[in-house]
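Text of the file work-v6.txt, holding compact mmCIF, C-alpha atoms:
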# COMPACT_ATOMS: atom_id res chain seq x y z
CA MET A 33 132.10 105.09 119.99
CA VAL A 34 129.77 106.91 122.41
CA VAL A 35 129.71 109.99 120.17
CA LEU A 36 128.93 107.87 117.10
CA LEU A 37 126.10 106.12 118.92
CA LYS A 38 124.61 109.45 119.98
CA ILE A 39 124.78 110.72 116.40
CA LEU A 40 123.01 107.60 115.13
CA ILE A 41 120.30 107.91 117.78
CA LEU A 42 119.77 111.58 116.92
CA PHE A 43 119.65 110.82 113.19
CA PHE A 44 117.07 108.08 113.69
CA LEU A 45 114.91 110.25 115.94
CA LEU A 46 115.01 113.13 113.46
CA LEU A 47 113.95 110.86 110.62
CA LEU A 48 111.17 109.31 112.63
CA THR A 49 109.96 112.65 113.97
CA SER A 50 109.88 114.31 110.56
CA ALA A 51 107.91 111.41 109.09
CA LEU A 52 105.40 111.34 111.95
CA VAL A 53 104.95 115.12 111.94
CA SER A 54 104.24 115.23 108.20
CA GLN A 55 101.74 112.38 108.54
CA LEU A 56 99.99 114.01 111.51
CA ILE A 57 99.76 117.33 109.69
CA GLY A 58 98.21 115.56 106.71
CA VAL A 59 95.62 113.82 108.87
CA ALA A 60 94.78 117.01 110.78
CA VAL A 61 94.36 119.08 107.63
CA GLY A 62 92.39 116.32 105.95
CA LEU A 63 90.00 115.97 108.89
CA LEU A 64 89.55 119.67 109.60
CA ASN A 65 88.73 120.49 105.99
CA LYS A 66 85.71 118.29 105.49
CA LEU A 67 84.27 120.30 102.63
CA ARG A 68 85.28 118.98 99.22
CA PHE A 69 86.72 121.18 96.53
CA ALA A 70 84.19 123.12 94.47
CA GLU A 71 86.16 124.29 91.46
CA PRO A 72 84.69 127.25 89.56
CA GLU A 73 83.22 126.49 86.18
CA ALA A 74 85.80 126.38 83.42
CA ARG A 75 85.88 129.18 80.89
CA THR A 76 87.00 126.78 78.15
CA LEU A 77 86.23 123.16 77.38
CA HIS A 78 89.69 122.02 76.37
CA ARG A 79 90.47 119.09 74.12
CA TYR A 80 92.08 116.02 75.66
CA ALA A 81 93.43 112.64 74.67
CA ALA A 82 92.91 109.67 76.96
CA VAL A 83 95.91 107.32 76.72
CA ILE A 84 95.93 103.73 77.91
CA SER A 85 98.76 101.22 78.01
CA ALA A 86 97.36 97.68 77.94
CA ARG A 87 99.02 94.29 77.93
CA ASN A 88 96.73 91.28 77.60
CA GLU A 89 93.73 93.16 78.97
CA GLU A 90 91.11 91.77 76.61
CA GLY A 91 88.65 91.19 79.44
CA VAL A 92 88.57 94.74 80.85
CA ILE A 93 89.74 97.22 78.21
CA GLY A 94 86.28 97.49 76.65
CA GLY A 95 84.71 98.58 79.93
CA LEU A 96 87.25 101.36 80.38
CA VAL A 97 86.77 102.67 76.86
CA GLN A 98 82.99 102.58 77.31
CA SER A 99 83.24 104.60 80.53
CA LEU A 100 85.32 107.19 78.67
CA LYS A 101 82.79 107.25 75.84
CA ALA A 102 80.08 107.95 78.45
CA GLN A 103 81.75 111.07 79.87
CA ASN A 104 79.64 114.17 80.53
CA TYR A 105 81.93 116.04 78.19
CA PRO A 106 81.71 116.90 74.48
CA ALA A 107 82.65 113.78 72.52
CA ASP A 108 84.55 115.81 69.91
CA LYS A 109 86.89 117.09 72.64
CA LEU A 110 87.97 113.70 73.96
CA ASP A 111 89.92 111.18 71.87
CA ILE A 112 90.83 107.74 73.18
CA PHE A 113 94.11 106.03 72.31
CA VAL A 114 95.25 102.55 73.35
CA VAL A 115 98.67 100.98 72.92
CA ALA A 116 98.37 97.18 72.84
CA ASP A 117 101.79 96.50 74.30
CA ASN A 118 103.23 93.08 73.42
CA CYS A 119 99.75 91.56 73.59
CA THR A 120 99.15 87.89 72.82
CA ASP A 121 95.37 88.08 73.20
CA ARG A 122 92.65 90.18 71.55
CA THR A 123 93.21 93.39 73.52
CA ALA A 124 93.62 95.47 70.37
CA GLU A 125 90.43 94.11 68.83
CA ALA A 126 88.41 94.65 72.02
CA ALA A 127 89.66 98.24 72.39
CA ALA A 128 88.94 99.06 68.76
CA LYS A 129 85.47 97.52 68.98
CA ALA A 130 84.70 99.71 72.01
CA GLY A 131 85.68 102.82 70.03
CA ALA A 132 89.35 103.53 70.75
CA THR A 133 92.15 104.26 68.30
CA VAL A 134 94.63 101.42 68.74
CA PHE A 135 98.36 101.15 68.12
CA ARG A 136 100.24 97.88 68.46
CA ARG A 137 103.70 97.77 69.98
CA TRP A 138 106.15 94.87 69.79
CA ASN A 139 109.32 95.36 71.80
CA GLN A 140 110.78 92.68 74.05
CA GLU A 141 113.81 94.76 74.98
CA GLU A 142 112.14 97.84 76.48
CA ILE A 143 109.42 96.42 78.70
CA GLY A 144 107.16 98.40 80.96
CA LYS A 145 104.43 101.00 81.04
CA GLY A 146 106.84 103.92 80.74
CA TYR A 147 108.19 102.70 77.41
CA ALA A 148 104.69 101.98 76.13
CA LEU A 149 103.49 105.48 77.02
CA ASP A 150 106.51 107.05 75.35
CA PHE A 151 105.77 105.04 72.20
CA LEU A 152 102.14 106.16 72.27
CA PHE A 153 102.99 109.85 72.74
CA ARG A 154 105.37 109.72 69.79
CA ARG A 155 102.74 108.09 67.56
CA ILE A 156 100.12 110.67 68.53
CA ARG A 157 102.55 113.54 67.94
CA THR A 158 103.45 112.15 64.52
CA GLU A 159 100.06 111.02 63.23
CA TYR A 160 97.74 113.50 64.95
CA ALA A 161 99.85 116.65 64.82
CA GLY A 162 96.88 118.66 63.62
CA ARG A 163 94.90 118.06 66.79
CA SER A 164 95.68 120.55 69.49
CA TYR A 165 95.39 118.65 72.77
CA ALA A 166 95.59 120.58 76.01
CA GLY A 167 96.93 117.45 77.61
CA PHE A 168 96.67 113.74 78.17
CA LEU A 169 94.63 111.68 80.63
CA ILE A 170 96.51 108.52 81.61
CA PHE A 171 94.64 105.38 82.69
CA ASP A 172 95.24 101.69 83.35
CA ALA A 173 93.22 99.20 81.36
CA ASP A 174 91.27 97.88 84.37
CA ASN A 175 89.90 101.28 85.40
CA TYR A 176 86.33 102.53 85.40
CA VAL A 177 86.11 106.31 85.03
CA ASP A 178 83.38 108.32 86.74
CA PRO A 179 81.17 110.15 84.17
CA ASN A 180 82.26 113.58 85.44
CA PHE A 181 85.99 112.83 85.51
CA VAL A 182 87.04 114.82 82.44
CA LEU A 183 84.69 117.68 83.31
CA GLU A 184 86.24 118.04 86.78
CA ILE A 185 89.83 117.71 85.54
CA ASN A 186 89.07 120.42 83.00
CA LYS A 187 87.94 122.79 85.77
CA THR A 188 91.20 122.30 87.66
CA TYR A 189 93.35 122.61 84.55
CA ASP A 190 91.47 125.70 83.35
CA SER A 191 92.54 127.51 86.52
CA GLY A 192 95.98 127.73 84.90
CA ASN A 193 97.88 126.62 87.99
CA PHE A 194 98.97 123.10 87.07
CA ASP A 195 100.64 121.14 84.28
CA ALA A 196 99.83 117.86 86.01
CA ILE A 197 96.81 116.83 88.07
CA THR A 198 96.08 113.69 90.04
CA SER A 199 92.65 112.38 90.99
CA TYR A 200 90.71 110.52 93.67
CA ARG A 201 91.47 106.81 93.38
CA SER A 202 88.87 104.37 94.63
CA SER A 203 88.44 100.64 93.93
CA LYS A 204 86.05 98.51 91.93
CA ASN A 205 86.47 95.49 94.19
CA PHE A 206 87.00 96.72 97.77
CA GLY A 207 84.87 93.88 99.15
CA ALA A 208 86.49 91.01 97.26
CA ASN A 209 88.85 89.96 100.08
CA TRP A 210 91.37 91.31 102.60
CA ILE A 211 93.99 91.92 99.89
CA SER A 212 91.84 94.10 97.65
CA ALA A 213 90.51 95.90 100.75
CA GLY A 214 94.08 96.55 101.93
CA TYR A 215 95.00 98.14 98.63
CA SER A 216 91.80 100.16 98.61
CA ILE A 217 92.27 101.62 102.09
CA TRP A 218 95.84 102.58 101.26
CA PHE A 219 94.87 104.41 98.06
CA LEU A 220 91.97 106.15 99.81
CA ARG A 221 94.39 107.29 102.50
CA GLN A 222 96.73 108.68 99.86
CA ALA A 223 93.90 110.70 98.34
CA ARG A 224 92.37 111.96 101.57
CA PHE A 225 95.36 112.41 103.88
CA LEU A 226 98.24 113.03 101.48
CA ASN A 227 97.17 114.70 98.23
CA PHE A 228 94.11 116.49 99.64
CA PRO A 229 96.09 118.24 102.44
CA ARG A 230 98.99 118.95 100.08
CA SER A 231 96.70 120.76 97.69
CA LEU A 232 95.16 122.79 100.53
CA LEU A 233 98.62 123.78 101.74
CA GLY A 234 99.88 124.64 98.26
CA LEU A 235 102.37 121.76 98.13
CA ASN A 236 103.14 119.38 95.28
CA CYS A 237 100.96 116.31 95.04
CA ALA A 238 102.05 112.93 93.67
CA VAL A 239 100.42 110.98 90.86
CA GLY A 240 99.39 107.43 91.61
CA GLY A 241 100.03 105.40 88.48
CA THR A 242 96.64 105.93 86.90
CA GLY A 243 93.88 108.52 86.61
CA PHE A 244 96.10 111.55 86.18
CA PHE A 245 96.54 114.41 83.72
CA VAL A 246 99.73 115.74 82.10
CA SER A 247 99.70 118.84 79.91
CA SER A 248 100.94 118.78 76.33
CA ARG A 249 103.40 121.52 77.23
CA LEU A 250 105.02 119.32 79.87
CA ILE A 251 105.16 116.36 77.50
CA ARG A 252 106.93 118.55 74.93
CA GLU A 253 109.38 119.86 77.52
CA ASN A 254 110.20 116.31 78.60
CA GLY A 255 110.57 115.11 75.01
CA GLY A 256 107.83 112.53 75.51
CA TRP A 257 107.70 110.25 78.54
CA PRO A 258 111.31 109.65 79.68
CA PHE A 259 110.32 107.88 82.91
CA HIS A 260 111.24 104.22 82.65
CA LEU A 261 111.95 103.05 86.20
CA LEU A 262 109.76 100.32 87.70
CA THR A 263 107.58 103.00 89.28
CA GLU A 264 107.40 105.53 86.48
CA ASP A 265 104.62 107.46 88.24
CA ILE A 266 106.73 108.09 91.35
CA GLU A 267 109.70 108.94 89.14
CA PHE A 268 107.57 111.54 87.36
CA SER A 269 106.34 112.95 90.69
CA ALA A 270 109.87 113.21 92.09
CA ASP A 271 111.10 114.86 88.90
CA CYS A 272 108.30 117.44 89.10
CA ALA A 273 109.09 118.17 92.75
CA VAL A 274 112.79 118.76 92.04
CA ARG A 275 112.06 120.99 89.03
CA GLY A 276 109.33 122.94 90.80
CA CYS A 277 106.64 121.82 88.38
CA PRO A 278 103.39 121.86 90.41
CA ILE A 279 101.14 118.79 90.49
CA GLY A 280 97.59 119.58 91.54
CA TYR A 281 94.79 117.45 92.94
CA CYS A 282 91.18 117.18 91.79
CA ASP A 283 89.07 115.58 94.50
CA ARG A 284 85.92 115.36 92.41
CA ALA A 285 87.59 113.51 89.54
CA VAL A 286 87.13 109.87 90.52
CA ILE A 287 88.43 106.64 89.04
CA PHE A 288 87.81 103.08 90.20
CA ASP A 289 90.76 100.73 90.00
CA GLU A 290 90.69 96.92 90.15
CA GLN A 291 92.96 95.55 92.88
CA PRO A 292 94.68 92.15 92.96
CA THR A 293 92.94 89.47 95.03
CA VAL A 294 95.62 86.75 94.84
CA PHE A 295 98.56 87.13 97.21
CA THR A 296 101.19 85.94 94.71
CA GLN A 297 100.11 88.64 92.26
CA SER A 298 100.03 91.19 95.06
CA TRP A 299 103.54 90.14 96.09
CA ASP A 300 104.87 90.56 92.53
CA GLN A 301 103.23 93.95 92.12
CA ARG A 302 104.38 95.38 95.45
CA LEU A 303 107.84 93.89 94.94
CA ARG A 304 108.06 95.95 91.75
CA TRP A 305 106.80 99.01 93.59
CA SER A 306 109.35 98.57 96.39
CA LYS A 307 112.20 98.11 93.93
CA GLY A 308 110.95 101.14 92.03
CA PHE A 309 111.00 103.22 95.20
CA TYR A 310 114.63 102.27 95.77
CA GLN A 311 115.41 103.23 92.17
CA VAL A 312 113.74 106.62 92.58
CA ASP A 313 115.55 107.10 95.90
CA ALA A 314 118.87 106.49 94.17
CA LYS A 315 118.07 108.80 91.26
CA TYR A 316 116.38 111.69 93.06
CA GLY A 317 117.20 111.34 96.77
CA LEU A 318 120.15 113.74 96.85
CA ALA A 319 118.42 116.28 94.60
CA LEU A 320 115.29 116.24 96.77
CA ALA A 321 117.40 116.62 99.92
CA ARG A 322 119.32 119.53 98.37
CA GLU A 323 116.15 121.31 97.22
CA SER A 324 114.59 120.81 100.65
CA PHE A 325 116.99 123.42 102.08
CA HIS A 326 115.77 126.13 99.70
CA GLY A 327 112.80 126.84 101.94
CA GLY A 328 109.35 127.96 100.92
CA ARG A 329 106.71 125.70 99.48
CA HIS A 330 109.17 124.26 96.99
CA GLY A 331 111.51 123.14 99.76
CA VAL A 332 108.67 121.70 101.85
CA SER A 333 107.32 119.86 98.80
CA CYS A 334 110.73 118.29 98.17
CA TRP A 335 111.11 117.26 101.81
CA ASP A 336 107.60 115.83 101.83
CA MET A 337 108.36 113.84 98.68
CA LEU A 338 111.65 112.62 100.14
CA THR A 339 110.13 111.38 103.42
CA ASN A 340 107.33 109.59 101.57
CA LEU A 341 109.82 108.01 99.17
CA MET A 342 111.95 106.51 101.91
CA PRO A 343 109.76 104.54 104.34
CA GLY A 344 112.27 101.73 104.30
CA LEU A 345 114.99 104.09 105.45
CA TYR A 346 113.47 104.30 108.91
CA GLY A 347 113.64 100.55 109.33
CA PHE A 348 117.23 100.42 108.13
CA ALA A 349 118.16 103.36 110.35
CA GLY A 350 116.66 101.52 113.31
CA ALA A 351 118.52 98.35 112.36
CA GLY A 352 121.76 100.33 112.05
CA LEU A 353 121.17 101.89 115.43
CA PHE A 354 120.63 98.48 117.01
CA ALA A 355 123.79 97.15 115.34
CA ALA A 356 125.77 100.09 116.70
CA LEU A 357 124.37 99.52 120.17
CA ALA A 358 125.25 95.82 119.96
CA GLY A 359 128.82 96.67 118.97
CA PHE A 360 129.09 99.19 121.74
CA LEU A 361 127.94 96.68 124.33
CA ARG A 362 130.29 93.99 123.05
CA VAL A 363 133.21 96.33 123.59
CA THR A 364 132.18 97.77 126.94
CA ARG A 365 130.36 94.81 128.53
CA PRO A 366 131.24 91.64 126.60
CA ALA A 367 130.05 89.23 129.30
CA ALA A 368 126.49 90.55 129.50
CA ALA A 369 126.21 91.72 125.90
CA ALA A 370 124.72 88.59 124.36
CA ALA A 371 121.91 88.22 126.90
CA LEU A 372 121.12 91.92 126.91
CA ILE A 373 121.05 92.15 123.12
CA GLY A 374 118.75 89.14 122.93
CA THR A 375 116.36 90.67 125.46
CA LEU A 376 116.35 93.99 123.64
CA ALA A 377 115.69 92.29 120.33
CA VAL A 378 112.73 90.27 121.62
CA ARG A 379 111.14 93.12 123.54
CA GLY A 380 111.87 95.61 120.78
CA LEU A 381 110.30 93.44 118.10
CA ALA A 382 107.25 92.76 120.26
CA LEU A 383 106.80 96.45 121.02
CA LEU A 384 107.30 97.33 117.37
CA ALA A 385 104.74 94.76 116.22
CA VAL A 386 102.09 95.92 118.68
CA GLY A 387 102.73 99.58 117.98
CA TYR A 388 102.70 99.07 114.21
CA TYR A 389 99.45 97.11 114.32
CA GLY A 390 97.80 99.79 116.43
CA LEU A 391 99.04 102.61 114.20
CA MET A 392 97.90 100.90 110.99
CA LEU A 393 94.55 99.94 112.53
CA LEU A 394 93.97 103.55 113.54
CA THR A 395 95.04 104.72 110.08
CA GLY A 396 92.64 102.32 108.40
CA LEU A 397 89.79 103.16 110.78
CA VAL A 398 90.11 106.92 110.26
CA THR A 399 90.33 106.45 106.49
CA VAL A 400 87.31 104.14 106.21
CA LEU A 401 85.14 106.29 108.48
CA THR A 402 86.10 109.49 106.67
CA GLU A 403 85.52 108.02 103.21
CA TRP A 404 82.61 105.77 104.21
CA ARG A 405 80.12 107.04 101.65
CA ARG A 406 82.61 106.97 98.81
CA ILE A 407 83.58 103.32 99.25
CA PRO A 408 81.59 101.03 96.91
CA ALA A 409 81.14 98.17 99.38
CA THR A 410 78.65 96.97 101.98
CA THR A 411 78.89 97.93 105.64
CA TRP A 412 79.88 94.37 106.52
CA GLN A 413 82.67 94.35 103.95
CA LYS A 414 84.06 97.66 105.20
CA LEU A 415 84.14 96.49 108.82
CA ARG A 416 85.12 92.89 108.13
CA TYR A 417 88.44 93.64 106.43
CA LEU A 418 89.46 96.64 108.51
CA PRO A 419 91.27 94.60 111.24
CA LEU A 420 93.25 92.85 108.47
CA PHE A 421 94.59 96.09 107.01
CA PRO A 422 97.61 96.13 109.40
CA LEU A 423 98.41 92.56 108.29
CA PHE A 424 98.32 93.65 104.66
CA MET A 425 100.72 96.48 105.45
CA LEU A 426 102.97 94.21 107.52
CA THR A 427 103.57 92.03 104.45
CA TYR A 428 105.41 95.01 102.98
CA LEU A 429 108.33 94.29 105.32
CA PRO A 430 109.51 91.02 103.69
CA ILE A 431 108.67 92.51 100.28
CA ALA A 432 110.85 95.57 100.92
CA VAL A 433 113.74 93.42 102.15
CA THR A 434 113.44 91.06 99.18
CA ALA A 435 113.40 93.99 96.76
CA LEU A 436 116.77 95.15 98.11
CA PHE A 437 118.59 92.02 97.01
CA ARG A 438 116.55 90.64 94.12
CA LYS A 439 116.44 91.66 90.50
CA VAL A 440 112.88 92.69 89.75
CA GLU A 441 111.23 92.90 86.34
CA TRP A 442 107.87 94.25 85.29
CA LYS A 443 105.14 91.58 85.29
CA PRO A 444 101.55 92.07 84.11
CA ILE A 445 98.73 91.75 86.65
CA ARG A 446 95.85 89.62 85.48
CA HIS A 447 92.47 91.38 85.53
CA THR A 448 89.05 89.91 84.95
CA PRO A 449 85.72 91.39 83.83
CA GLU A 450 83.99 90.04 86.94
CA VAL A 451 83.32 93.52 88.34
CA LYS A 452 80.84 95.22 86.03
CA THR A 453 80.88 99.01 85.65
CA GLU A 454 77.19 99.24 86.56
CA GLN A 455 78.00 97.64 89.93
CA VAL A 456 80.41 100.47 90.66
Kindly return the structure encoded in the file as structure tokens.
Amino acid sequence: MVVLLKILILFFLLLLTSALVSQLIGVAVGLLNKLRFAEPEARTLHRYAAVISARNEEGVIGGLVQSLKAQNYPADKLDIFVVADNCTDRTAEAAAKAGATVFRRWNQEEIGKGYALDFLFRRIRTEYAGRSYAGFLIFDADNYVDPNFVLEINKTYDSGNFDAITSYRSSKNFGANWISAGYSIWFLRQARFLNFPRSLLGLNCAVGGTGFFVSSRLIRENGGWPFHLLTEDIEFSADCAVRGCPIGYCDRAVIFDEQPTVFTQSWDQRLRWSKGFYQVDAKYGLALARESFHGGRHGVSCWDMLTNLMPGLYGFAGAGLFAALAGFLRVTRPAAAAALIGTLAVRGLALLAVGYYGLMLLTGLVTVLTEWRRIPATTWQKLRYLPLFPLFMLTYLPIAVTALFRKVEWKPIRHTPEVKTEQV
């Protein structure tokens, strides 16, 4: 029993240490390299297709298409395609009016963004075979795209190093309330202290659901878009890491995403994300762990992906360790076990809560200060919601636990046209 307990303690400490070290390295690299990327000018202006999966997004789809139409890039080298996926409103009409080519999809069996994208890629391949696209730019319907987005992505792609590229993800509505601010800080952190350092160190980045590029060659190799888990973006990123397909990062390509402001919608969305993470863990966990031992940048990329895929594992490892300690005490000191376990639980939870709040507050503070000028919000809004960021992150705990035991299905998030593109 003593040997088993020591093994569990060592396993937990190794997991925790590896996660903390990778995070600290990311922060250090992100802070020390303050200069943004300055990609060399592209030799070729490649042709791209922007692809958008939309479900009942009548209120916002027009704004996205308009921002794509306003790109500082030759109009004849950027086509815009929308799949109106099981829509019951006028999404298709609004997208077509704004200037997009629209396909309608009706399928109540295969539900989710992954299936919709696969449908759209197949339609483009069949009906636009004569157009030679270098790749596809994938967006969500609520996005606003910076005018230089395609130009900057083209510079990174033209370097010839990547078949997939992710971008800098900001928010349209940072200052709406503590929920939207929580999302925003987290996505800014991912850009600045995860993908930015990864790219500097030559490691694989991870796409974030929207605002990313995938080459036509990779789409052909994959036979379309075969990623249909609840978090198809993370599934794609894990698949690329295992296969050694590099994902790059373009810091100057910026999109603005609309975040939920209602907690029930936030709960549903993050519940899907948590369940999706577990699904990706189950599908790719062993492969990522195996590839991690190969060494080199490929091995480090796989280990980095694995540790970022399994945040819940640390909590469960800690819970398992506590359970083992409780069992050990019940066997060796049954009389004092109950009181001692109760004391440890109370003190441990209190220490964990205080430590977690402090860590998340520091994370949010460093992120907001570093990205201050790139956050479309007032000074008061940036400072007002910062102390609530740890609370936002703490709500992930019941969400992650619920996702373990509950069947989760994809649900659309309602977006509104309240945030105008000119405000961003």
message: Can you pull out the residues contacting Met342 of chain A? Cut-off 9 Å, using all atoms listed in the file, and skip same-chain residues under 5 positions away; I want them as number ranges by chain.
response: A: 309-310, 313, 317, 337
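Residues with any atom within 7 Å of segment 245-260 of chain A, counting all atoms listed in the file and excluding same-chain neighbours fewer than 3 positions away, are Gly146, Tyr147, Leu149, Asp150, Phe153, Arg154, Tyr165, Ala166, Gly167, Phe168, Leu169, Ile170, Asp195, Ala196, Ile197, Thr198, Glu264, Glu267 and Phe268 of chain A.
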Taking a cut-off of 12 Å and counting only C-alpha atoms, can you build a table that, for each residue of segment 181-295 of chain A near segment 90-101 of chain A, reports the nearest atom pair and how far apart they are in Å (one decimal), sorted by chain then residue number, as a tab-separated table?
residue	atom	partner	partner_atom	distance
A:Phe181	CA	A:Leu100	CA	8.9
A:Val182	CA	A:Leu100	CA	8.7
A:Leu183	CA	A:Leu100	CA	11.5
A:Lys204	CA	A:Leu96	CA	12.0
A:Gly243	CA	A:Leu96	CA	11.6
A:Val286	CA	A:Ser99	CA	11.9
A:Ile287	CA	A:Ser99	CA	10.2
A:Phe288	CA	A:Leu96	CA	10.0
A:Asp289	CA	A:Leu96	CA	10.3
A:Glu290	CA	A:Val92	CA	9.8
task: May I ask for the distance between atom CA of Thr293 of chain A and atom CA of Ile217 of chain A, given in Å to one decimal place?
output: 14.1 Å
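Proximity of A:Pro72, A:Gly396, A:Gly241, A:Pro292 to Ser203 of chain A, computed with only C-alpha atoms, is greatest for A:Pro292.
The gap separating atom CA of Ile266 of chain A from atom CA of Phe244 of chain A is 12.3 Å, in Å to one decimal.
The protein and nucleic acid residues lying at most 8 Å from Pro278 of chain A are Asn193, Phe194, Asp195, Ala196, Leu235, Asn236, Cys237, Cys272 and Ala273 of chain A, with all atoms listed in the file considered and sequence neighbours fewer than 5 positions away removed.
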- request: Can you work out which one of A:Glu441, A:Glu73, A:Asp271, A:Glu141 has the shortest atom-to-atom distance to Tyr189 of chain A, counting all atoms listed in the file?
  value: A:Glu73
- request: Show me as number ranges by chain the residues that reach within 12 Å of (99.1, 96.6, 70.3), counting all atoms listed in the file and using the file's own coordinates.
  value: A: 84-90, 113-128, 132-139, 148-149, 151-152
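Residue nearest Thr188 of chain A, chosen from A:Gly144, A:Ile211, A:Arg284, A:Leu110 and counting all atoms listed in the file: A:Arg284.
One finds atom CA of Ala82 of chain A at 4.7 Å from atom CA of Ile112 of chain A.
Proximity to Val177 of chain A was assessed for A:Thr434, A:Asn104, A:Arg406, A:Ser212 counting only C-alpha atoms; the smallest distance is recorded for A:Asn104.
Of the listed residues (A:Gly131, A:Gly240, A:Pro430, A:Gly276), A:Gly276 comes nearest to Arg329 of chain A; the distances count only C-alpha atoms.
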message: I'd like the neighbourhood of Gln291 of chain A as a PyMOL selection string, where a residue qualifies if any of its atoms comes within 12 Å (using all atoms listed in the file), though same-chain residues fewer than 6 positions away should be ignored.
response: chain A and resi 172+174-175+201-219+297-298+301-302+445-448+451
Could you save the residues just selected, with C-alpha atoms, as a PDB file, in the frame of the given file?
ATOM      1  CA  ASP A 172      95.240 101.690  83.350  1.00  0.00           C
ATOM      2  CA  ASP A 174      91.270  97.880  84.370  1.00  0.00           C
ATOM      3  CA  ASN A 175      89.900 101.280  85.400  1.00  0.00           C
ATOM      4  CA  ARG A 201      91.470 106.810  93.380  1.00  0.00           C
ATOM      5  CA  SER A 202      88.870 104.370  94.630  1.00  0.00           C
ATOM      6  CA  SER A 203      88.440 100.640  93.930  1.00  0.00           C
ATOM      7  CA  LYS A 204      86.050  98.510  91.930  1.00  0.00           C
ATOM      8  CA  ASN A 205      86.470  95.490  94.190  1.00  0.00           C
ATOM      9  CA  PHE A 206      87.000  96.720  97.770  1.00  0.00           C
ATOM     10  CA  GLY A 207      84.870  93.880  99.150  1.00  0.00           C
ATOM     11  CA  ALA A 208      86.490  91.010  97.260  1.00  0.00           C
ATOM     12  CA  ASN A 209      88.850  89.960 100.080  1.00  0.00           C
ATOM     13  CA  TRP A 210      91.370  91.310 102.600  1.00  0.00           C
ATOM     14  CA  ILE A 211      93.990  91.920  99.890  1.00  0.00           C
ATOM     15  CA  SER A 212      91.840  94.100  97.650  1.00  0.00           C
ATOM     16  CA  ALA A 213      90.510  95.900 100.750  1.00  0.00           C
ATOM     17  CA  GLY A 214      94.080  96.550 101.930  1.00  0.00           C
ATOM     18  CA  TYR A 215      95.000  98.140  98.630  1.00  0.00           C
ATOM     19  CA  SER A 216      91.800 100.160  98.610  1.00  0.00           C
ATOM     20  CA  ILE A 217      92.270 101.620 102.090  1.00  0.00           C
ATOM     21  CA  TRP A 218      95.840 102.580 101.260  1.00  0.00           C
ATOM     22  CA  PHE A 219      94.870 104.410  98.060  1.00  0.00           C
ATOM     23  CA  GLN A 297     100.110  88.640  92.260  1.00  0.00           C
ATOM     24  CA  SER A 298     100.030  91.190  95.060  1.00  0.00           C
ATOM     25  CA  GLN A 301     103.230  93.950  92.120  1.00  0.00           C
ATOM     26  CA  ARG A 302     104.380  95.380  95.450  1.00  0.00           C
ATOM     27  CA  ILE A 445      98.730  91.750  86.650  1.00  0.00           C
ATOM     28  CA  ARG A 446      95.850  89.620  85.480  1.00  0.00           C
ATOM     29  CA  HIS A 447      92.470  91.380  85.530  1.00  0.00           C
ATOM     30  CA  THR A 448      89.050  89.910  84.950  1.00  0.00           C
ATOM     31  CA  VAL A 451      83.320  93.520  88.340  1.00  0.00           C
TER      32      VAL A 451
END
Could you model N, CA and C atoms for segment 422-432 of chain A and present them as a compact mmCIF listing (two decimals), in the frame of the given file?
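Dumped to selection_36.txt:
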# COMPACT_ATOMS: atom_id res chain seq x y z
N PRO A 422 96.23 96.14 108.90
CA PRO A 422 97.61 96.13 109.40
C PRO A 422 98.40 94.91 108.92
N LEU A 423 97.72 93.75 108.79
CA LEU A 423 98.41 92.56 108.29
C LEU A 423 98.86 92.76 106.85
N PHE A 424 97.97 93.36 106.04
CA PHE A 424 98.32 93.65 104.66
C PHE A 424 99.56 94.55 104.60
N MET A 425 99.59 95.57 105.45
CA MET A 425 100.72 96.48 105.45
C MET A 425 101.98 95.82 105.99
N LEU A 426 101.81 94.90 106.95
CA LEU A 426 102.97 94.21 107.52
C LEU A 426 103.68 93.37 106.47
N THR A 427 102.93 92.85 105.49
CA THR A 427 103.57 92.03 104.45
C THR A 427 104.51 92.86 103.59
N TYR A 428 104.45 94.17 103.70
CA TYR A 428 105.41 95.01 102.98
C TYR A 428 106.83 94.82 103.47
N LEU A 429 106.98 94.42 104.75
CA LEU A 429 108.33 94.29 105.32
C LEU A 429 109.17 93.25 104.58
N PRO A 430 108.70 91.98 104.46
CA PRO A 430 109.51 91.02 103.69
C PRO A 430 109.62 91.41 102.21
N ILE A 431 108.60 92.08 101.67
CA ILE A 431 108.67 92.51 100.28
C ILE A 431 109.77 93.54 100.09
N ALA A 432 109.84 94.52 101.02
CA ALA A 432 110.85 95.57 100.92
C ALA A 432 112.25 95.00 101.07
